[in-house]
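Remarks on the structure that follows.
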Number of protein chains: 2
Amino acid sequence: MTVNRQIQLASRPQGEPSADNFKLVDTTLPALAEGQVLVRNHYLSLDPYMRGRMNDGKSYAQPQPLNEVMIGGTVGEVVESKNANFKPGDKVVGMGGWQEYQLVDASQRGVLQKVDTTHIPLSAYLGAVGMPGVTGWYGLVKIINPKAGETVVVSAASGAVGGAVGQLAKVRGARAVGIAGGADKCRYVVEELGFDACIDYKEHKDVKSLSAALKAACPNGIDGYFENVGGMILDAVMLRANAFSRIAMCGMISGYNGEPIPMTAPQLILVNRMKVEGFIVSEHMEVWPEALKELGTLVATGKLKYRESVADGIAAAPEAFLGLLKGKNFGKQLVKLI
Amino acid sequence: MTVNRQIQLASRPQGEPSADNFKLVDTTLPALAEGQVLVRNHYLSLDPYMRGRMNDGKSYAQPQPLNEVMIGGTVGEVVESKNANFKPGDKVVGMGGWQEYQLVDASQRGVLQKVDTTHIPLSAYLGAVGMPGVTGWYGLVKIINPKAGETVVVSAASGAVGGAVGQLAKVRGARAVGIAGGADKCRYVVEELGFDACIDYKEHKDVKSLSAALKAACPNGIDGYFENVGGMILDAVMLRANAFSRIAMCGMISGYNGEPIPMTAPQLILVNRMKVEGFIVSEHMEVWPEALKELGTLVATGKLKYRESVADGIAAAPEAFLGLLKGKNFGKQLVKLI
């Protein structure tokens with residue numbers, strides 16, 4: 001029998017999560033039933049939204065159940081199939097969870113997607129050509145919708161989502177300005193991703209200082225903001241927002257452990273006739289084909305760049321995830337499972 | 001020579017404005033030039049937006065200049081005309097300012113509009129069939145866009161804007177819930193305007209209490225909120241907001257004197273995938289004909305009700321305005337000038 005090592009949620013965090021909230025469990029895989037496919041997961045994606053699932057409170061998604069495998073996106077290879085649509089060797093993307101194998105009834109549409117790795121690396125389907133890329137695409141294209149010459153700011157700019165936002169903004173002729181933590185990340189955002197500027201938020205202790213840096217980096221003000229962080233960064237951006245500017249609210253990681261993150265001056269939404277819109281990309285499946293087509297083409301032609309932080313082995317997943325929540329990753333956080 | 005008494009802005013307020021910020025000045029009217037029309041103003045409209053104009057800071061409009069007549073909407077009657085489109089006796093609406101007469105070059109389109117008082121009282125063109133009505137219409141129809149069965153909440157519900165919002169929501173089959181200050185206003189909102197419920201915010205000392213009252217009045221949650229006030233009321237509404245709810249930000253009168261009015265939990269915009277949009281009705285002139293047609297028909301047929309608070313004489317305008325900012329008015333605040 002095949003052993004399938006997996007990470008389960010052992011307990012819910014009070015405030016900041018710790019390694020104790022997770023446990024590594026050896027499970028065994030049953031024989032395949034008709035319609036099922038066994039996938040050897042190659043990479044697990046770690047994403048900030050998982051922090052929300054660890055809580056029990058009301059949110060847009062069901063809480064992650066205790067003592068069950070953590071949910072998560074995966075890419076891998078079919079190793080056994082009792083489903084006519086999949087055969088061993090197929091590369092697939094799915095929601096395989098924090099585990100080495102995924103046994104899944106693949107007859108439900110969309111549960112498992114075959115992907116082409118001729119021009120696009122398998123792991124990219126968890127990043128630039130996957131959920132994070134489409135997340136950036138949706139917020140930028142469907143909410144911010146920048147015109148050429150406008151200025152788009154994105155926080156967590158060196159991450160999988162933020163990096164896509166800025167590069168897609170550049171493709172549309174907009175000025176792209178990142179906010180990231182640390183000089184290394186900022187250098188990467190400008191020199192490798194091609195943003196026009198990047199601000200190291202760690203160099204700014206208060207809203208006034210950060211807002212002044214934004215003024216310097218955005219001489220024509222801010223027309224669009226893609227929000228991944230919240231708190232002081234949001235306040236500083238709003239002070240530089242132009243009339244009719246748009247904020248796509250994707251995440252507010254600064255409040256994920258229950259910290260208060262008030263918006264200091266909501267009256268600016270009125271004064272500047274802003275639109276602020278929250279979204280969850282999985283609720284907009286209708287845009288995925290269009291988004292993935294653009295993202296895939298840009299990655300295959302080397303025009304959309306990204307970086308990966310890769311942890312090694314399923315046992316390393318909890319520490320990598322905790323690091324992600326603190327911004328220790330550099331680019332898309334993955335766990336290599338094989 | 002005709003004496004034209006007017007109220008000018010004498011000084012800018014520091015915090016809460018006072019009567020000292022205004023002065024009553026006697027001016028004289030010159031003879032009419034070609035194209036000009038002289039209007040005897042019958043009613044002046046007092047509106048919260050004027051508070052913003054008294055400041056010198058950055059806002060969506062130019063500050064009101066010192067030692068000039070205060071801006072404001074007026075209705076009146078043409079008394080003299082050197083313009084082929086207007087003749088004495090015509091009833092008109094315009095931006096006549098806080099004064100008894102308006103001398104205006106009426107050749108510019110839109111500066112002066114003739115109105116029909118056969119079925120609609122002249123003063124209504126400053127309220128339900130004027131800028132306040134269209135403001136309510138725009139936020140409700142173009143931003144909140146309620147479906148039948150949804151719940152719409154509006155603050156300052158007994159006012160000219162709020163009253164229109166709730167009644168227009170009812171026309172669309174939505175549940176309308178008002179928030180107003182005092183039992184009298186709440187009774188009026190329910191019994192005369194036909195809202196389904198109204199909450200007296202003065203009975204609630206904190207967000208928790210107000211939010212509980214909203215829960216009782218909105219058993220299916222809140223799908224749309226028309227914001228005139230801000231602060232604790234906004235926080236309480238957001239705690240009851242449904243997924244995909246919409247907030248039309250029209251005003252935040254609780255912060256007009258510089259009071260801090262933070263939004264406590266902006267992460268709810270993300271959790272509930274909300275859309276929050278600020279707007280200024282004068283920037284959407286394209287909707288005015290459609291809006292005025294519906295509002296005019298509803299008023300003429302008695303289906304859109306409203307109340308007016310009428311101060312007497314131009315000298316009474318400053319005190320009436322200061323009262324408006326404190327919610328002392330009941331319905332649309334006007335000044336009768338003749």
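A note on labels: chains of the structure tokens are A, B, ... as shown, every chain counts residues from 1, and ligands are counted from 1 in their shown order.
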Hey, what's within 10 Å of Ala316 of chain A if we count only C-alpha atoms and toss same-chain stuff fewer than 4 positions away? As a PDB file with N, CA and C atoms, in the first residue's frame, please?
ATOM      1  N   ILE A   7      -0.384  16.956   5.674  1.00  0.00           N
ATOM      2  CA  ILE A   7      -0.458  17.892   6.801  1.00  0.00           C
ATOM      3  C   ILE A   7      -1.920  18.180   7.080  1.00  0.00           C
ATOM      4  N   LEU A  24       1.699  16.360  10.973  1.00  0.00           N
ATOM      5  CA  LEU A  24       2.051  15.516   9.831  1.00  0.00           C
ATOM      6  C   LEU A  24       1.516  14.114  10.100  1.00  0.00           C
ATOM      7  N   VAL A 310      10.937  27.865  -2.937  1.00  0.00           N
ATOM      8  CA  VAL A 310      10.540  26.463  -2.913  1.00  0.00           C
ATOM      9  C   VAL A 310      11.021  25.787  -1.631  1.00  0.00           C
ATOM     10  N   ALA A 311      10.086  25.343  -0.824  1.00  0.00           N
ATOM     11  CA  ALA A 311      10.416  24.543   0.357  1.00  0.00           C
ATOM     12  C   ALA A 311      10.456  23.080  -0.059  1.00  0.00           C
ATOM     13  N   ASP A 312      11.206  22.263   0.674  1.00  0.00           N
ATOM     14  CA  ASP A 312      11.457  20.898   0.213  1.00  0.00           C
ATOM     15  C   ASP A 312      10.745  19.863   1.074  1.00  0.00           C
ATOM     16  N   ALA A 320       7.086  26.907   6.018  1.00  0.00           N
ATOM     17  CA  ALA A 320       7.060  27.764   4.819  1.00  0.00           C
ATOM     18  C   ALA A 320       5.813  28.644   4.818  1.00  0.00           C
ATOM     19  N   PHE A 321       4.709  28.081   5.266  1.00  0.00           N
ATOM     20  CA  PHE A 321       3.469  28.854   5.303  1.00  0.00           C
ATOM     21  C   PHE A 321       3.551  29.977   6.333  1.00  0.00           C
ATOM     22  N   VAL A 335       5.835  24.301  -2.262  1.00  0.00           N
ATOM     23  CA  VAL A 335       6.492  23.184  -1.582  1.00  0.00           C
ATOM     24  C   VAL A 335       6.692  22.093  -2.622  1.00  0.00           C
ATOM     25  N   LYS A 336       7.941  21.672  -2.780  1.00  0.00           N
ATOM     26  CA  LYS A 336       8.257  20.600  -3.734  1.00  0.00           C
ATOM     27  C   LYS A 336       8.011  19.266  -3.028  1.00  0.00           C
ATOM     28  N   LEU A 337       7.242  18.404  -3.677  1.00  0.00           N
ATOM     29  CA  LEU A 337       6.773  17.198  -2.977  1.00  0.00           C
ATOM     30  C   LEU A 337       7.396  15.925  -3.517  1.00  0.00           C
TER      31      LEU A 337
END
Taking only C-alpha atoms into account, which residues of chain B are within 8 Å of chain A, as a CSV table (one decimal) with N, CA and C atoms, in the first residue's frame?
chain,number,residue,atom,x,y,z
B,59,SER,N,-10.7,69.4,-2.3
B,59,SER,CA,-11.9,68.6,-2.4
B,59,SER,C,-12.3,68.5,-3.8
B,60,TYR,N,-13.5,68.0,-4.0
B,60,TYR,CA,-13.9,67.8,-5.4
B,60,TYR,C,-14.4,69.0,-6.1
B,249,MET,N,-21.6,56.0,-1.6
B,249,MET,CA,-21.1,57.0,-0.6
B,249,MET,C,-21.5,58.4,-1.2
B,250,CYS,N,-22.4,59.0,-0.5
B,250,CYS,CA,-22.9,60.3,-1.0
B,250,CYS,C,-22.4,61.4,-0.1
B,251,GLY,N,-22.4,61.2,1.2
B,251,GLY,CA,-21.9,62.2,2.2
B,251,GLY,C,-21.5,61.5,3.5
B,252,MET,N,-20.7,62.2,4.3
B,252,MET,CA,-20.3,61.7,5.6
B,252,MET,C,-20.3,62.9,6.5
B,255,GLY,N,-18.3,63.7,9.7
B,255,GLY,CA,-16.9,64.2,9.7
B,255,GLY,C,-16.7,65.5,9.1
B,260,PRO,N,-12.4,62.8,13.3
B,260,PRO,CA,-11.9,61.5,12.7
B,260,PRO,C,-13.1,60.5,12.6
B,261,ILE,N,-13.3,59.9,11.4
B,261,ILE,CA,-14.4,59.0,11.2
B,261,ILE,C,-13.9,57.7,10.5
B,262,PRO,N,-12.9,57.0,11.2
B,262,PRO,CA,-12.3,55.8,10.6
B,262,PRO,C,-13.4,54.8,10.3
B,263,MET,N,-13.1,54.0,9.2
B,263,MET,CA,-13.9,52.8,9.0
B,263,MET,C,-13.2,51.7,9.7
B,264,THR,N,-13.9,51.1,10.7
B,264,THR,CA,-13.2,50.2,11.7
B,264,THR,C,-12.7,48.9,11.0
B,265,ALA,N,-13.5,48.3,10.1
B,265,ALA,CA,-13.2,47.0,9.6
B,265,ALA,C,-13.3,47.0,8.0
B,266,PRO,N,-12.4,47.6,7.4
B,266,PRO,CA,-12.4,47.6,5.9
B,266,PRO,C,-12.2,46.2,5.3
B,267,GLN,N,-11.7,45.3,6.1
B,267,GLN,CA,-11.6,43.9,5.6
B,267,GLN,C,-12.9,43.3,5.3
B,269,ILE,N,-15.0,44.6,3.4
B,269,ILE,CA,-15.2,44.9,2.0
B,269,ILE,C,-14.8,43.7,1.2
B,270,LEU,N,-13.7,43.1,1.7
B,270,LEU,CA,-13.1,41.9,1.0
B,270,LEU,C,-13.9,40.6,1.4
B,271,VAL,N,-14.1,40.4,2.7
B,271,VAL,CA,-14.8,39.2,3.1
B,271,VAL,C,-16.2,39.1,2.5
B,272,ASN,N,-16.9,40.3,2.3
B,272,ASN,CA,-18.2,40.3,1.7
B,272,ASN,C,-18.2,40.6,0.3
B,273,ARG,N,-17.1,40.8,-0.3
B,273,ARG,CA,-17.0,41.2,-1.7
B,273,ARG,C,-17.9,42.3,-2.0
B,274,MET,N,-17.7,43.4,-1.2
B,274,MET,CA,-18.6,44.6,-1.4
B,274,MET,C,-18.0,45.5,-2.4
B,275,LYS,N,-18.9,46.4,-2.9
B,275,LYS,CA,-18.5,47.5,-3.7
B,275,LYS,C,-18.8,48.8,-3.0
B,276,VAL,N,-17.9,49.7,-2.8
B,276,VAL,CA,-18.1,50.9,-2.2
B,276,VAL,C,-17.7,52.0,-3.1
B,277,GLU,N,-18.7,52.9,-3.4
B,277,GLU,CA,-18.4,53.9,-4.5
B,277,GLU,C,-18.9,55.3,-4.1
B,278,GLY,N,-18.0,56.2,-4.2
B,278,GLY,CA,-18.3,57.6,-4.0
B,278,GLY,C,-18.8,58.3,-5.3
B,279,PHE,N,-19.6,59.3,-5.1
B,279,PHE,CA,-20.1,59.9,-6.3
B,279,PHE,C,-20.6,61.4,-6.0
B,280,ILE,N,-20.6,62.2,-7.0
B,280,ILE,CA,-21.1,63.5,-7.0
B,280,ILE,C,-22.1,63.7,-8.1
* Residue neighbourhood segment 54-57 of chain B, 12 Å, only C-alpha atoms, exclusion window fewer than 4 positions, as a ChimeraX atom specification -> /A:271 /B:8-18,21-22,48-50,61-71,256-258
* **Exercise: segment 171-176 of chain B partners within 6 Å, only C-alpha atoms, chain neighbours under 4 positions left out, as an NGL selection string** => :B and (148-153 or 166 or 195-196)
For the residues in the current selection, export N, CA and C atoms as an mmCIF file, in the first residue's frame.
data_model
loop_
_atom_site.group_PDB
_atom_site.id
_atom_site.type_symbol
_atom_site.label_atom_id
_atom_site.label_comp_id
_atom_site.auth_asym_id
_atom_site.auth_seq_id
_atom_site.Cartn_x
_atom_site.Cartn_y
_atom_site.Cartn_z
ATOM 1 N N ALA B 148 -35.609 43.306 -6.550
ATOM 2 C CA ALA B 148 -36.780 43.088 -5.717
ATOM 3 C C ALA B 148 -36.439 42.071 -4.632
ATOM 4 N N GLY B 149 -36.845 42.356 -3.416
ATOM 5 C CA GLY B 149 -36.584 41.448 -2.308
ATOM 6 C C GLY B 149 -35.302 41.749 -1.554
ATOM 7 N N GLU B 150 -34.431 42.550 -2.140
ATOM 8 C CA GLU B 150 -33.210 42.935 -1.417
ATOM 9 C C GLU B 150 -33.550 43.995 -0.367
ATOM 10 N N THR B 151 -32.594 44.223 0.535
ATOM 11 C CA THR B 151 -32.784 45.214 1.594
ATOM 12 C C THR B 151 -31.832 46.385 1.388
ATOM 13 N N VAL B 152 -32.412 47.599 1.378
ATOM 14 C CA VAL B 152 -31.633 48.827 1.220
ATOM 15 C C VAL B 152 -31.769 49.654 2.495
ATOM 16 N N VAL B 153 -30.638 50.081 3.020
ATOM 17 C CA VAL B 153 -30.618 50.947 4.200
ATOM 18 C C VAL B 153 -30.122 52.325 3.778
ATOM 19 N N GLY B 166 -35.226 55.734 -0.098
ATOM 20 C CA GLY B 166 -36.075 54.669 0.423
ATOM 21 C C GLY B 166 -37.328 54.467 -0.413
ATOM 22 N N PHE B 195 -41.392 53.637 4.492
ATOM 23 C CA PHE B 195 -40.294 52.694 4.712
ATOM 24 C C PHE B 195 -40.804 51.510 5.538
ATOM 25 N N ASP B 196 -40.115 50.392 5.448
ATOM 26 C CA ASP B 196 -40.505 49.214 6.218
ATOM 27 C C ASP B 196 -40.112 49.340 7.684
#
* as a ChimeraX atom specification, which residues of segment 26-201 of chain B does DSSP assign to helix (DSSP H, G or I)? -> /B:49-53,122-126,131-144,160-171,183-191,201
The selected residues should be written to file as an mmCIF file, in the first residue's frame (atoms: C-alpha atoms).
data_model
loop_
_atom_site.group_PDB
_atom_site.id
_atom_site.type_symbol
_atom_site.label_atom_id
_atom_site.label_comp_id
_atom_site.auth_asym_id
_atom_site.auth_seq_id
_atom_site.Cartn_x
_atom_site.Cartn_y
_atom_site.Cartn_z
ATOM 1 C CA TYR B 49 -22.273 69.855 0.569
ATOM 2 C CA MET B 50 -21.989 73.588 1.273
ATOM 3 C CA ARG B 51 -20.058 72.802 4.461
ATOM 4 C CA GLY B 52 -17.260 71.311 2.360
ATOM 5 C CA ARG B 53 -17.114 74.381 0.153
ATOM 6 C CA LEU B 122 -41.909 75.212 -7.360
ATOM 7 C CA SER B 123 -39.983 74.350 -4.197
ATOM 8 C CA ALA B 124 -39.940 70.636 -5.102
ATOM 9 C CA TYR B 125 -37.459 71.451 -7.858
ATOM 10 C CA LEU B 126 -34.942 72.053 -5.072
ATOM 11 C CA MET B 131 -30.533 67.871 -7.027
ATOM 12 C CA PRO B 132 -31.349 65.961 -3.814
ATOM 13 C CA GLY B 133 -33.819 63.705 -5.596
ATOM 14 C CA VAL B 134 -31.421 62.990 -8.437
ATOM 15 C CA THR B 135 -28.659 62.358 -5.884
ATOM 16 C CA GLY B 136 -30.788 59.701 -4.239
ATOM 17 C CA TRP B 137 -31.798 58.310 -7.604
ATOM 18 C CA TYR B 138 -28.200 58.033 -8.856
ATOM 19 C CA GLY B 139 -26.846 56.287 -5.781
ATOM 20 C CA LEU B 140 -29.786 53.931 -5.576
ATOM 21 C CA VAL B 141 -30.215 53.118 -9.248
ATOM 22 C CA LYS B 142 -26.676 53.381 -10.594
ATOM 23 C CA ILE B 143 -24.642 52.095 -7.652
ATOM 24 C CA ILE B 144 -26.892 50.050 -5.359
ATOM 25 C CA ALA B 160 -34.484 65.157 0.988
ATOM 26 C CA VAL B 161 -31.979 62.645 -0.344
ATOM 27 C CA GLY B 162 -32.648 59.827 2.091
ATOM 28 C CA GLY B 163 -36.401 60.032 1.719
ATOM 29 C CA ALA B 164 -36.093 59.667 -2.036
ATOM 30 C CA VAL B 165 -33.703 56.714 -1.715
ATOM 31 C CA GLY B 166 -36.075 54.669 0.423
ATOM 32 C CA GLN B 167 -39.176 55.432 -1.618
ATOM 33 C CA LEU B 168 -37.395 54.660 -4.887
ATOM 34 C CA ALA B 169 -36.178 51.403 -3.344
ATOM 35 C CA LYS B 170 -39.763 50.512 -2.421
ATOM 36 C CA VAL B 171 -40.879 51.242 -6.013
ATOM 37 C CA ALA B 183 -38.592 59.240 17.280
ATOM 38 C CA ASP B 184 -40.495 61.918 15.320
ATOM 39 C CA LYS B 185 -38.324 61.542 12.258
ATOM 40 C CA CYS B 186 -38.482 57.756 12.450
ATOM 41 C CA ARG B 187 -42.252 57.775 12.739
ATOM 42 C CA TYR B 188 -42.463 60.048 9.690
ATOM 43 C CA VAL B 189 -40.095 57.828 7.697
ATOM 44 C CA VAL B 190 -42.235 54.752 8.325
ATOM 45 C CA GLU B 191 -45.745 56.179 8.467
ATOM 46 C CA TYR B 201 -29.570 56.252 15.968
#
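Contact shell of segment 26-34 of chain A at 9 Å (only C-alpha atoms; same-chain neighbours under 6 positions omitted): A:Met1, A:Thr2, A:Val3, A:Asn4, A:Arg5, A:Gln6, A:Ile7, A:Glu80, A:Ser81, A:Lys82, A:Asn83, A:Tyr101, A:Leu103, A:Val104, A:Asp105.
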Within segment 16-254 of chain B, find each residue whose DSSP state, derived from the backbone, is strand (DSSP E), and express the selection as an mmCIF file with C-alpha atoms, in the first residue's frame.
data_model
loop_
_atom_site.group_PDB
_atom_site.id
_atom_site.type_symbol
_atom_site.label_atom_id
_atom_site.label_comp_id
_atom_site.auth_asym_id
_atom_site.auth_seq_id
_atom_site.Cartn_x
_atom_site.Cartn_y
_atom_site.Cartn_z
ATOM 1 C CA PHE B 22 -21.325 84.599 7.329
ATOM 2 C CA LYS B 23 -22.301 88.199 6.698
ATOM 3 C CA LEU B 24 -25.426 89.800 5.253
ATOM 4 C CA VAL B 25 -24.593 92.373 2.588
ATOM 5 C CA ASP B 26 -26.815 94.761 0.658
ATOM 6 C CA THR B 27 -25.812 94.928 -2.982
ATOM 7 C CA THR B 28 -27.419 96.760 -5.879
ATOM 8 C CA GLN B 36 -29.021 88.357 -19.259
ATOM 9 C CA VAL B 37 -32.007 87.416 -17.172
ATOM 10 C CA LEU B 38 -32.985 88.772 -13.764
ATOM 11 C CA VAL B 39 -34.598 86.229 -11.494
ATOM 12 C CA ARG B 40 -36.383 86.937 -8.224
ATOM 13 C CA ASN B 41 -35.375 83.960 -6.121
ATOM 14 C CA HIS B 42 -38.322 82.427 -4.252
ATOM 15 C CA TYR B 43 -36.545 79.615 -2.431
ATOM 16 C CA LEU B 44 -32.935 78.873 -1.588
ATOM 17 C CA SER B 45 -31.839 75.290 -1.009
ATOM 18 C CA THR B 74 -32.534 78.379 -6.077
ATOM 19 C CA VAL B 75 -35.951 78.466 -7.692
ATOM 20 C CA GLY B 76 -37.638 81.690 -8.674
ATOM 21 C CA GLU B 77 -39.415 83.743 -11.264
ATOM 22 C CA VAL B 78 -38.018 85.745 -14.140
ATOM 23 C CA VAL B 79 -38.736 89.442 -13.550
ATOM 24 C CA GLU B 80 -36.769 90.947 -16.420
ATOM 25 C CA SER B 81 -35.160 89.424 -19.499
ATOM 26 C CA LYS B 91 -40.503 79.819 -13.295
ATOM 27 C CA VAL B 92 -36.860 78.745 -13.257
ATOM 28 C CA VAL B 93 -34.355 76.682 -11.312
ATOM 29 C CA GLY B 94 -30.661 77.563 -11.169
ATOM 30 C CA TYR B 101 -32.049 88.096 -6.881
ATOM 31 C CA GLN B 102 -29.955 86.359 -9.481
ATOM 32 C CA LEU B 103 -28.655 88.219 -12.509
ATOM 33 C CA VAL B 104 -27.361 85.673 -14.957
ATOM 34 C CA ASP B 105 -26.229 85.282 -18.540
ATOM 35 C CA LEU B 112 -31.185 78.384 -15.949
ATOM 36 C CA GLN B 113 -33.901 75.784 -16.500
ATOM 37 C CA LYS B 114 -37.565 76.573 -16.988
ATOM 38 C CA THR B 151 -32.784 45.214 1.594
ATOM 39 C CA VAL B 152 -31.633 48.827 1.220
ATOM 40 C CA VAL B 153 -30.618 50.947 4.200
ATOM 41 C CA VAL B 154 -30.238 54.732 4.069
ATOM 42 C CA SER B 155 -28.966 57.125 6.724
ATOM 43 C CA ARG B 175 -37.177 46.453 1.608
ATOM 44 C CA ALA B 176 -36.335 50.006 2.742
ATOM 45 C CA VAL B 177 -34.888 50.651 6.184
ATOM 46 C CA GLY B 178 -34.061 54.152 7.346
ATOM 47 C CA ILE B 179 -31.745 55.504 9.994
ATOM 48 C CA ALA B 180 -32.680 58.905 11.412
ATOM 49 C CA ALA B 197 -38.595 50.267 9.330
ATOM 50 C CA CYS B 198 -36.543 53.122 10.730
ATOM 51 C CA ILE B 199 -33.911 53.104 13.457
ATOM 52 C CA ASP B 200 -33.350 56.079 15.761
ATOM 53 C CA ILE B 222 -28.207 44.463 4.034
ATOM 54 C CA ASP B 223 -27.698 44.425 0.269
ATOM 55 C CA GLY B 224 -27.399 48.140 -0.345
ATOM 56 C CA TYR B 225 -26.507 51.111 1.817
ATOM 57 C CA PHE B 226 -26.810 54.755 0.885
ATOM 58 C CA GLU B 227 -24.358 56.671 3.049
ATOM 59 C CA ALA B 241 -23.685 43.665 4.997
ATOM 60 C CA ASN B 242 -24.394 40.695 2.766
ATOM 61 C CA ALA B 243 -22.089 39.166 0.197
ATOM 62 C CA PHE B 244 -21.968 41.343 -2.933
ATOM 63 C CA SER B 245 -23.560 44.305 -1.163
ATOM 64 C CA ARG B 246 -23.085 47.832 -2.468
ATOM 65 C CA ILE B 247 -22.475 51.094 -0.643
ATOM 66 C CA ALA B 248 -23.195 54.385 -2.401
ATOM 67 C CA MET B 249 -21.147 57.047 -0.635
#
